[in-house]
file structure-v2.txt (compact mmCIF, C-alpha atoms (C1' of nucleotides))
# COMPACT_ATOMS: atom_id res chain seq x y z
CA ILE I 1461 0.00 0.00 0.00
CA PHE I 1462 2.95 2.30 0.63
CA CYS I 1463 3.94 1.87 -3.00
CA TYR I 1464 0.46 2.45 -4.32
CA ASN I 1465 -0.35 5.62 -2.36
CA PRO I 1466 2.13 7.97 -4.06
CA ILE I 1467 1.01 6.79 -7.50
CA LEU I 1468 -2.60 7.29 -6.54
CA THR I 1469 -1.78 10.77 -5.28
CA CYS I 1470 -0.15 11.66 -8.58
CA LEU I 1471 -3.08 10.38 -10.62
CA SER I 1472 -5.57 12.31 -8.51
CA LYS I 1473 -3.53 15.46 -8.76
CA ALA I 1474 -3.41 15.10 -12.55
CA GLY I 1475 -7.16 14.60 -12.63
CA LYS I 1476 -6.86 11.09 -14.03
CA MET I 1477 -9.60 9.62 -11.92
CA GLU I 1478 -10.48 6.71 -14.21
CA GLU I 1479 -6.93 5.45 -13.79
CA ALA I 1480 -6.98 6.17 -10.07
CA ARG I 1481 -10.18 4.17 -9.74
CA ALA I 1482 -8.60 1.27 -11.66
CA LEU I 1483 -5.55 1.34 -9.43
CA PHE I 1484 -7.77 1.35 -6.36
CA SER I 1485 -9.56 -1.76 -7.64
CA GLU I 1486 -6.19 -3.39 -8.17
CA ILE I 1487 -5.28 -2.64 -4.57
CA LEU I 1488 -8.45 -4.33 -3.36
CA GLU I 1489 -7.96 -7.34 -5.69
CA LYS I 1490 -4.49 -7.89 -4.30
CA GLY I 1491 -5.96 -8.09 -0.85
CA LEU I 1492 -4.20 -4.94 0.32
CA THR I 1493 -5.87 -2.68 2.85
CA PRO I 1494 -6.32 0.94 1.82
CA ASP I 1495 -5.30 3.44 4.49
CA ALA I 1496 -6.21 7.05 5.20
CA LEU I 1497 -3.78 8.34 2.56
CA THR I 1498 -5.31 6.07 -0.08
CA TYR I 1499 -8.77 7.45 0.55
CA GLY I 1500 -7.40 10.95 0.97
CA ALA I 1501 -5.93 10.88 -2.52
CA LEU I 1502 -9.18 9.62 -4.05
CA ILE I 1503 -11.32 12.14 -2.20
CA CYS I 1504 -9.04 15.02 -3.27
CA GLY I 1505 -9.18 13.93 -6.88
CA TYR I 1506 -12.92 13.47 -7.04
CA SER I 1507 -13.62 16.72 -5.21
CA LYS I 1508 -11.39 18.65 -7.57
CA GLU I 1509 -13.22 17.39 -10.63
CA GLY I 1510 -16.55 18.10 -8.96
CA ASN I 1511 -17.58 14.46 -8.69
CA MET I 1512 -18.99 14.80 -5.21
CA MET I 1513 -20.98 11.57 -5.43
CA ALA I 1514 -17.79 9.59 -5.79
CA ALA I 1515 -16.02 11.70 -3.18
CA ALA I 1516 -18.82 11.06 -0.70
CA MET I 1517 -18.73 7.33 -1.37
CA CYS I 1518 -15.01 7.23 -0.63
CA PHE I 1519 -15.52 9.33 2.47
CA ASN I 1520 -18.19 6.98 3.81
CA GLU I 1521 -16.12 3.92 2.95
CA MET I 1522 -13.23 5.48 4.81
CA LEU I 1523 -15.35 6.06 7.91
CA ASP I 1524 -16.76 2.50 7.68
CA ARG I 1525 -13.24 1.14 7.82
CA GLY I 1526 -12.65 3.13 10.96
CA LEU I 1527 -10.12 5.42 9.30
CA LEU I 1528 -9.92 9.00 10.49
CA PRO I 1529 -10.05 11.69 7.82
CA ASP I 1530 -7.72 14.59 8.55
CA ASN I 1531 -8.09 18.31 8.14
CA LEU I 1532 -7.14 18.18 4.53
CA VAL I 1533 -9.77 15.63 3.57
CA TYR I 1534 -12.49 17.66 5.27
CA THR I 1535 -11.26 20.81 3.58
CA VAL I 1536 -11.29 19.42 0.07
CA LEU I 1537 -14.79 18.08 0.68
CA ILE I 1538 -16.03 21.47 1.89
CA ASP I 1539 -14.37 23.15 -1.08
CA GLY I 1540 -15.77 20.59 -3.51
CA TYR I 1541 -19.33 20.83 -2.20
CA PHE I 1542 -19.26 24.62 -2.42
CA LYS I 1543 -17.95 24.53 -5.95
CA ALA I 1544 -20.67 22.06 -6.86
CA GLY I 1545 -23.18 24.52 -5.38
CA ASN I 1546 -24.11 22.25 -2.48
CA VAL I 1547 -23.90 24.61 0.48
CA ILE I 1548 -25.90 22.33 2.77
CA GLU I 1549 -23.43 19.46 2.45
CA ALA I 1550 -20.45 21.77 2.74
CA VAL I 1551 -21.73 23.11 6.03
CA ALA I 1552 -22.63 19.62 7.24
CA ILE I 1553 -19.06 18.47 6.60
CA PHE I 1554 -17.73 21.47 8.49
CA HIS I 1555 -19.85 20.57 11.50
CA HIS I 1556 -18.86 16.93 11.25
CA MET I 1557 -15.24 17.97 11.32
CA LYS I 1558 -15.69 20.05 14.44
CA GLU I 1559 -17.59 17.23 16.16
CA LYS I 1560 -14.54 15.05 15.58
CA ASN I 1561 -12.52 17.68 17.43
CA LEU I 1562 -10.48 18.62 14.41
CA VAL I 1563 -9.29 22.20 14.36
CA PRO I 1564 -10.15 24.05 11.14
CA ASP I 1565 -7.14 25.91 9.78
CA HIS I 1566 -6.62 28.83 7.41
CA VAL I 1567 -7.36 26.78 4.35
CA THR I 1568 -10.57 25.37 5.81
CA TYR I 1569 -11.83 28.82 6.75
CA CYS I 1570 -10.81 30.21 3.39
CA SER I 1571 -12.78 27.53 1.57
CA LEU I 1572 -15.85 28.38 3.63
CA ILE I 1573 -15.46 32.12 3.18
CA SER I 1574 -14.82 31.93 -0.53
CA GLY I 1575 -17.60 29.37 -0.93
CA PHE I 1576 -20.21 31.52 0.80
CA CYS I 1577 -19.08 34.54 -1.21
CA LYS I 1578 -19.50 32.70 -4.49
CA GLN I 1579 -23.00 31.71 -3.42
CA GLY I 1580 -23.73 35.36 -2.80
CA GLU I 1581 -24.04 34.79 0.93
CA ILE I 1582 -21.65 37.46 2.05
CA GLU I 1583 -23.14 37.78 5.53
CA LYS I 1584 -22.43 34.09 6.13
CA ALA I 1585 -18.89 34.60 4.88
CA VAL I 1586 -18.40 37.46 7.32
CA GLN I 1587 -19.88 35.34 10.10
CA VAL I 1588 -17.34 32.59 9.39
CA TYR I 1589 -14.57 35.19 9.31
CA GLN I 1590 -15.59 36.45 12.75
CA GLU I 1591 -15.84 32.92 14.10
CA MET I 1592 -12.36 32.26 12.75
CA CYS I 1593 -10.95 35.27 14.58
CA VAL I 1594 -12.67 34.21 17.81
CA GLU I 1595 -11.11 30.75 17.44
CA GLY I 1596 -7.71 32.42 17.37
CA VAL I 1597 -6.95 31.82 13.71
CA GLU I 1598 -5.37 35.06 12.51
CA PRO I 1599 -6.50 36.21 9.07
CA ASN I 1600 -3.89 35.86 6.34
CA ILE I 1601 -3.73 37.61 3.00
CA VAL I 1602 -5.39 34.77 1.12
CA ILE I 1603 -8.45 34.96 3.35
CA LEU I 1604 -8.66 38.72 3.04
CA ASN I 1605 -8.34 38.39 -0.72
CA ALA I 1606 -11.29 36.00 -0.76
CA LEU I 1607 -13.43 38.38 1.28
CA ILE I 1608 -12.40 41.41 -0.74
CA ASP I 1609 -13.29 39.58 -3.93
CA GLY I 1610 -16.65 38.54 -2.50
CA LEU I 1611 -17.48 42.13 -1.57
CA CYS I 1612 -16.39 43.44 -4.99
CA LYS I 1613 -18.37 40.85 -6.90
CA LEU I 1614 -21.47 41.63 -4.88
CA GLY I 1615 -21.07 45.29 -5.74
CA ASN I 1616 -19.88 46.45 -2.33
CA ILE I 1617 -16.75 48.17 -3.54
CA GLN I 1618 -16.60 50.53 -0.55
CA GLY I 1619 -16.69 47.62 1.86
CA ALA I 1620 -13.95 45.93 -0.12
CA ARG I 1621 -11.87 49.09 -0.05
CA GLN I 1622 -12.26 49.36 3.74
CA LEU I 1623 -10.93 45.84 4.17
CA PHE I 1624 -8.16 46.63 1.71
CA ASP I 1625 -7.16 49.77 3.61
CA GLY I 1626 -7.03 47.78 6.86
CA ILE I 1627 -4.60 45.15 5.57
CA GLU I 1628 -1.41 46.77 6.79
CA GLU I 1629 -2.62 47.41 10.31
CA LYS I 1630 -3.18 43.66 10.53
CA GLY I 1631 0.52 43.27 9.89
CA LEU I 1632 -0.09 41.92 6.39
CA ALA I 1633 0.80 43.20 2.95
CA PRO I 1634 -1.38 43.27 -0.16
CA ASP I 1635 -0.06 40.97 -2.89
CA ASN I 1636 -0.62 40.73 -6.62
CA ILE I 1637 -3.92 38.95 -6.10
CA THR I 1638 -5.16 41.60 -3.68
CA TYR I 1639 -4.44 44.31 -6.23
CA SER I 1640 -5.85 42.46 -9.19
CA THR I 1641 -9.01 41.78 -7.19
CA MET I 1642 -9.47 45.42 -6.16
CA ILE I 1643 -8.53 46.73 -9.60
CA ASP I 1644 -10.96 44.37 -11.29
CA GLY I 1645 -13.61 45.44 -8.78
CA TYR I 1646 -13.15 49.10 -9.63
CA CYS I 1647 -13.06 48.46 -13.38
CA LYS I 1648 -16.26 46.42 -13.29
CA ALA I 1649 -17.89 49.12 -11.17
CA GLY I 1650 -17.05 51.55 -13.97
CA ASN I 1651 -14.27 53.31 -12.08
CA VAL I 1652 -11.33 52.48 -14.31
CA SER I 1653 -9.33 55.52 -13.19
CA GLU I 1654 -9.31 54.32 -9.59
CA GLY I 1655 -8.05 51.01 -10.97
CA PHE I 1656 -5.14 52.78 -12.62
CA LYS I 1657 -4.45 54.65 -9.38
CA LEU I 1658 -4.07 51.36 -7.55
CA PHE I 1659 -1.94 50.12 -10.41
CA ASP I 1660 0.46 53.02 -9.73
CA ASP I 1661 0.26 52.52 -5.96
CA MET I 1662 1.25 48.89 -6.13
CA GLN I 1663 4.33 49.69 -8.16
CA LEU I 1664 5.32 52.39 -5.68
CA LYS I 1665 5.05 49.75 -2.98
CA GLY I 1666 7.30 47.47 -4.95
CA VAL I 1667 4.66 44.94 -5.94
CA GLU I 1668 5.26 44.24 -9.62
CA PRO I 1669 1.95 43.76 -11.41
CA HIS I 1670 1.56 40.48 -13.22
CA SER I 1671 -0.74 39.48 -16.03
CA PHE I 1672 -4.00 39.27 -14.04
CA VAL I 1673 -3.59 42.90 -13.00
CA TYR I 1674 -2.94 44.01 -16.56
CA ASN I 1675 -5.81 41.93 -17.85
CA ALA I 1676 -8.24 43.45 -15.37
CA LEU I 1677 -7.24 46.95 -16.51
CA LEU I 1678 -7.28 45.93 -20.15
CA ASN I 1679 -10.81 44.69 -19.71
CA GLY I 1680 -11.73 47.93 -17.96
CA CYS I 1681 -10.48 49.98 -20.91
CA CYS I 1682 -12.38 47.75 -23.33
CA ARG I 1683 -15.59 48.06 -21.33
CA GLU I 1684 -15.28 51.82 -21.68
CA GLU I 1685 -14.62 51.23 -25.37
CA ASN I 1686 -11.36 53.13 -24.93
CA MET I 1687 -9.44 50.97 -27.37
CA ASP I 1688 -6.53 53.39 -27.68
CA LYS I 1689 -5.80 53.14 -24.00
CA ALA I 1690 -6.28 49.39 -24.18
CA LEU I 1691 -3.76 49.09 -27.01
CA ASN I 1692 -1.24 51.23 -25.13
CA LEU I 1693 -1.48 48.96 -22.15
CA PHE I 1694 -1.32 45.92 -24.37
CA HIS I 1695 1.96 47.05 -25.93
CA GLU I 1696 3.41 47.44 -22.44
CA MET I 1697 2.25 43.91 -21.72
CA LEU I 1698 3.88 42.57 -24.87
CA GLN I 1699 7.16 44.19 -23.92
CA LYS I 1700 7.04 42.75 -20.43
CA GLY I 1701 5.94 39.37 -21.69
CA PHE I 1702 2.64 39.49 -19.77
CA ALA I 1703 0.31 39.10 -22.71
CA THR I 1704 -1.48 35.78 -22.40
CA VAL I 1705 -4.29 34.17 -24.34
CA VAL I 1706 -6.70 35.89 -21.94
CA SER I 1707 -5.24 39.30 -22.83
CA TYR I 1708 -5.83 38.63 -26.51
CA ASN I 1709 -9.34 37.40 -25.76
CA ILE I 1710 -10.14 40.60 -23.87
CA LEU I 1711 -8.89 42.78 -26.72
CA ILE I 1712 -10.64 40.74 -29.38
CA ASN I 1713 -13.90 41.02 -27.48
CA GLY I 1714 -13.28 44.75 -27.01
CA PHE I 1715 -12.85 45.30 -30.73
CA CYS I 1716 -15.93 43.25 -31.49
CA LYS I 1717 -18.03 45.29 -29.08
CA SER I 1718 -16.86 48.41 -30.88
CA TRP I 1719 -17.98 46.73 -34.11
CA LYS I 1720 -14.40 46.47 -35.34
CA ILE I 1721 -14.62 42.87 -36.38
CA GLN I 1722 -11.75 43.26 -38.83
CA GLU I 1723 -9.41 44.43 -36.07
CA ALA I 1724 -10.46 41.47 -33.97
CA GLN I 1725 -9.84 39.14 -36.86
CA SER I 1726 -6.35 40.46 -37.47
CA LEU I 1727 -5.58 40.17 -33.75
CA LEU I 1728 -6.45 36.50 -34.02
CA GLU I 1729 -3.88 36.20 -36.80
CA THR I 1730 -1.32 38.12 -34.76
CA MET I 1731 -1.66 35.81 -31.80
CA ILE I 1732 -1.14 32.78 -33.98
CA GLU I 1733 2.00 34.41 -35.41
CA LYS I 1734 3.22 35.11 -31.90
CA GLN I 1735 2.69 31.48 -30.96
CA VAL I 1736 -0.05 32.26 -28.47
CA LEU I 1737 -2.56 29.47 -28.96
CA PRO I 1738 -6.17 30.65 -29.32
CA ASP I 1739 -8.47 28.73 -26.98
CA HIS I 1740 -12.19 27.96 -27.01
CA VAL I 1741 -12.93 31.43 -25.59
CA THR I 1742 -11.10 33.09 -28.49
CA TYR I 1743 -13.10 31.15 -31.04
CA THR I 1744 -16.42 31.48 -29.21
CA THR I 1745 -15.93 35.25 -29.15
CA ILE I 1746 -14.99 35.58 -32.81
CA ILE I 1747 -17.66 33.21 -34.06
CA ASP I 1748 -20.36 34.73 -31.86
CA TRP I 1749 -19.65 38.21 -33.18
CA HIS I 1750 -19.51 37.12 -36.78
CA CYS I 1751 -22.97 35.64 -36.23
CA LYS I 1752 -24.22 38.81 -34.57
CA VAL I 1753 -23.24 40.92 -37.56
CA GLY I 1754 -24.70 38.38 -39.97
CA MET I 1755 -21.40 37.10 -41.39
CA MET I 1756 -22.51 33.51 -41.22
CA GLU I 1757 -20.26 32.22 -43.99
CA GLU I 1758 -17.18 33.57 -42.27
CA ALA I 1759 -18.40 32.22 -38.92
CA TYR I 1760 -18.64 28.75 -40.44
CA ARG I 1761 -15.22 29.09 -42.06
CA ILE I 1762 -13.58 29.89 -38.72
CA PHE I 1763 -15.51 27.06 -37.08
C1' G U 274 6.11 14.65 5.71
C1' U U 275 2.25 14.89 1.77
C1' G U 276 -2.65 15.85 -0.88
C1' G U 277 -6.16 21.22 0.32
C1' A U 278 -7.84 27.69 -0.06
C1' U U 279 -8.09 33.53 -2.86
C1' C U 280 -7.71 37.18 -8.56
C1' C U 281 -8.51 38.27 -15.09
C1' U U 282 -11.52 36.97 -20.77
C1' C U 283 -16.34 34.60 -24.34
C1' U U 284 -21.09 32.19 -25.25
C1' A U 285 -25.10 29.45 -23.43
C1' C U 286 -27.68 27.84 -19.19
call {"tool": "encode", "arguments": {"input": "structure-v2.txt", "output": "structure tokens"}}
result
Amino acid sequence: IFCYNPILTCLSKAGKMEEARALFSEILEKGLTPDALTYGALICGYSKEGNMMAAAMCFNEMLDRGLLPDNLVYTVLIDGYFKAGNVIEAVAIFHHMKEKNLVPDHVTYCSLISGFCKQGEIEKAVQVYQEMCVEGVEPNIVILNALIDGLCKLGNIQGARQLFDGIEEKGLAPDNITYSTMIDGYCKAGNVSEGFKLFDDMQLKGVEPHSFVYNALLNGCCREENMDKALNLFHEMLQKGFATVVSYNILINGFCKSWKIQEAQSLLETMIEKQVLPDHVTYTTIIDWHCKVGMMEEAYRIF
RNA sequence: GUGGAUCCUCUAC
């Protein structure tokens, strides 16, 4: 079993659950006894791919064998249930974990907070955050990022900004994700200039913006249909090597929204030249807009 | 020790 576990872990991590399942059957056929790590690997893998039925079966089998799931197993289950939209089960698992006297850690709390945020239940997320603080788990930057994002996405940009402004007095420092979250929040709220202000601030603080930050701003410019500004930024990105397939997708969509289908089309050719592989988003965007303007022949050709 | 958490783009739902 000690030989099988690491292989199983690798398969689960790579998302190859059919193979993991086959290996697990082989373990049973050989008369070996799976241990907590064996089940842990399977549960992680299934949860990650959103197969919560299979994850739950493994979890129950594990309990039936008298094996004790650790913090990590509970956390991936909570995370998986939230991502599958099953808040009830996620919360039930959290309670189960506490009944077993396990101590939820940063990652567990973060999964709960982010999960509630994505379900639009920000007050629950805040409640968990407060409970976490009472339990003596100090907030870290990842947790604050999750909360800030939740507030932004629910349109509470002021609340997000308050949390953001309080980061340093907690002895923490905003990172690239913090900035890209806030900047995206401002851009989506229609306040692109505040996004650029934060973009300057972060550089003054020595946090070098990476591609997500640029992409958020790029998208902000496109939403304002300010394609000149978008192109300026894009050239900076090209120079710094931060232009990804997402950056191209944002620009292509921006041009399409401004009815500049030709520009979008030539950008598609540029990206191919530059060895940036178009993905399904690129093609969905281009094809969708060709349909919208009635260029069905061309849409089919690209398809 | 090892497996877990947070940010950007399109369409549809």
call {"tool": "interface_residues", "arguments": {"input": "structure-v2.txt", "of": "chain U", "to": "chain I", "cutoff": "6 Å", "atoms": "all atoms listed in the file", "output": "ChimeraX atom specification"}}
result
/U:277-283
call {"tool": "write_last_selection", "arguments": {"input": "structure-v2.txt", "atoms": "C-alpha atoms (C1' of nucleotides)", "output": "mmCIF file, in the coordinates of the input"}}
result
data_model
loop_
_atom_site.group_PDB
_atom_site.id
_atom_site.type_symbol
_atom_site.label_atom_id
_atom_site.label_comp_id
_atom_site.auth_asym_id
_atom_site.auth_seq_id
_atom_site.Cartn_x
_atom_site.Cartn_y
_atom_site.Cartn_z
ATOM 1 C "C1'" G U 277 -6.160 21.220 0.320
ATOM 2 C "C1'" A U 278 -7.840 27.690 -0.060
ATOM 3 C "C1'" U U 279 -8.090 33.530 -2.860
ATOM 4 C "C1'" C U 280 -7.710 37.180 -8.560
ATOM 5 C "C1'" C U 281 -8.510 38.270 -15.090
ATOM 6 C "C1'" U U 282 -11.520 36.970 -20.770
ATOM 7 C "C1'" C U 283 -16.340 34.600 -24.340
#
call {"tool": "atom_distance", "arguments": {"input": "structure-v2.txt", "atom1": "CA of Lys1543 (chain I)", "atom2": "CA of Gln1579 (chain I)"}}
result
9.1 Å
call {"tool": "closest_residue", "arguments": {"input": "structure-v2.txt", "among": "I:Glu1583, I:Asp1565, I:Asp1530, I:Glu1757", "to": "G276 (chain U)", "atoms": "all atoms listed in the file"}}
result
I:Asp1530
call {"tool": "axis_aligned_box", "arguments": {"input": "structure-v2.txt", "around": "region 1484-1498 of chain I", "padding_each_side": "4 Å", "output": "JSON"}}
result
{"center_x": -6.7, "center_y": 0.1, "center_z": -1.5, "size_x": 13.8, "size_y": 24.4, "size_z": 21.4}
call {"tool": "closest_residue", "arguments": {"input": "structure-v2.txt", "among": "I:Glu1628, I:Ala1759, I:Leu1698, I:Val1551", "to": "Ala1585 (chain I)", "atoms": "only C-alpha atoms"}}
result
I:Val1551
call {"tool": "build_atoms", "arguments": {"input": "structure-v2.txt", "residues": "region 1590-1612 of chain I", "atoms": "N, CA, C and O atoms", "output": "compact mmCIF listing (two decimals), in the frame of the given file"}}
result
# COMPACT_ATOMS: atom_id res chain seq x y z
N GLN I 1590 -15.60 36.05 11.33
CA GLN I 1590 -15.59 36.45 12.75
C GLN I 1590 -15.35 35.25 13.65
O GLN I 1590 -14.58 35.33 14.61
N GLU I 1591 -16.03 34.14 13.31
CA GLU I 1591 -15.84 32.92 14.10
C GLU I 1591 -14.37 32.51 14.09
O GLU I 1591 -13.80 32.14 15.11
N MET I 1592 -13.77 32.60 12.92
CA MET I 1592 -12.36 32.26 12.75
C MET I 1592 -11.48 33.09 13.69
O MET I 1592 -10.61 32.56 14.38
N CYS I 1593 -11.75 34.38 13.72
CA CYS I 1593 -10.95 35.27 14.58
C CYS I 1593 -11.13 34.91 16.04
O CYS I 1593 -10.17 34.88 16.81
N VAL I 1594 -12.39 34.60 16.42
CA VAL I 1594 -12.67 34.21 17.81
C VAL I 1594 -11.91 32.93 18.17
O VAL I 1594 -11.40 32.79 19.28
N GLU I 1595 -11.80 32.02 17.20
CA GLU I 1595 -11.11 30.75 17.44
C GLU I 1595 -9.59 30.93 17.47
O GLU I 1595 -8.85 29.96 17.63
N GLY I 1596 -9.15 32.15 17.27
CA GLY I 1596 -7.71 32.42 17.37
C GLY I 1596 -6.93 32.16 16.10
O GLY I 1596 -5.71 32.11 16.12
N VAL I 1597 -7.65 31.96 14.98
CA VAL I 1597 -6.95 31.82 13.71
C VAL I 1597 -6.82 33.22 13.10
O VAL I 1597 -7.82 33.85 12.77
N GLU I 1598 -5.61 33.71 13.03
CA GLU I 1598 -5.37 35.06 12.51
C GLU I 1598 -5.61 35.09 11.00
O GLU I 1598 -5.17 34.19 10.29
N PRO I 1599 -6.30 36.11 10.51
CA PRO I 1599 -6.50 36.21 9.07
C PRO I 1599 -5.17 36.30 8.33
O PRO I 1599 -4.25 36.93 8.83
N ASN I 1600 -5.07 35.68 7.20
CA ASN I 1600 -3.89 35.86 6.34
C ASN I 1600 -4.33 36.56 5.06
O ASN I 1600 -5.51 36.85 4.86
N ILE I 1601 -3.39 36.81 4.19
CA ILE I 1601 -3.73 37.61 3.00
C ILE I 1601 -4.65 36.86 2.05
O ILE I 1601 -5.50 37.46 1.40
N VAL I 1602 -4.53 35.54 2.02
CA VAL I 1602 -5.39 34.77 1.12
C VAL I 1602 -6.86 34.91 1.54
O VAL I 1602 -7.76 35.10 0.70
N ILE I 1603 -7.08 34.85 2.84
CA ILE I 1603 -8.45 34.96 3.35
C ILE I 1603 -9.02 36.35 3.09
O ILE I 1603 -10.16 36.50 2.66
N LEU I 1604 -8.19 37.37 3.32
CA LEU I 1604 -8.66 38.72 3.04
C LEU I 1604 -8.94 38.89 1.55
O LEU I 1604 -9.92 39.52 1.17
N ASN I 1605 -8.11 38.32 0.72
CA ASN I 1605 -8.34 38.39 -0.72
C ASN I 1605 -9.70 37.79 -1.09
O ASN I 1605 -10.43 38.32 -1.91
N ALA I 1606 -10.01 36.66 -0.47
CA ALA I 1606 -11.29 36.00 -0.76
C ALA I 1606 -12.46 36.88 -0.36
O ALA I 1606 -13.44 37.01 -1.11
N LEU I 1607 -12.36 37.51 0.80
CA LEU I 1607 -13.43 38.38 1.28
C LEU I 1607 -13.55 39.64 0.42
O LEU I 1607 -14.66 40.06 0.07
N ILE I 1608 -12.40 40.21 0.09
CA ILE I 1608 -12.40 41.41 -0.74
C ILE I 1608 -13.05 41.11 -2.09
O ILE I 1608 -13.88 41.86 -2.59
N ASP I 1609 -12.70 39.97 -2.65
CA ASP I 1609 -13.29 39.58 -3.93
C ASP I 1609 -14.80 39.40 -3.80
O ASP I 1609 -15.56 39.84 -4.66
N GLY I 1610 -15.21 38.75 -2.71
CA GLY I 1610 -16.65 38.54 -2.50
C GLY I 1610 -17.39 39.87 -2.44
O GLY I 1610 -18.43 40.03 -3.07
N LEU I 1611 -16.84 40.81 -1.69
CA LEU I 1611 -17.48 42.13 -1.57
C LEU I 1611 -17.53 42.83 -2.92
O LEU I 1611 -18.56 43.39 -3.30
N CYS I 1612 -16.43 42.80 -3.66
CA CYS I 1612 -16.39 43.44 -4.99
C CYS I 1612 -17.45 42.84 -5.89
O CYS I 1612 -18.22 43.55 -6.54
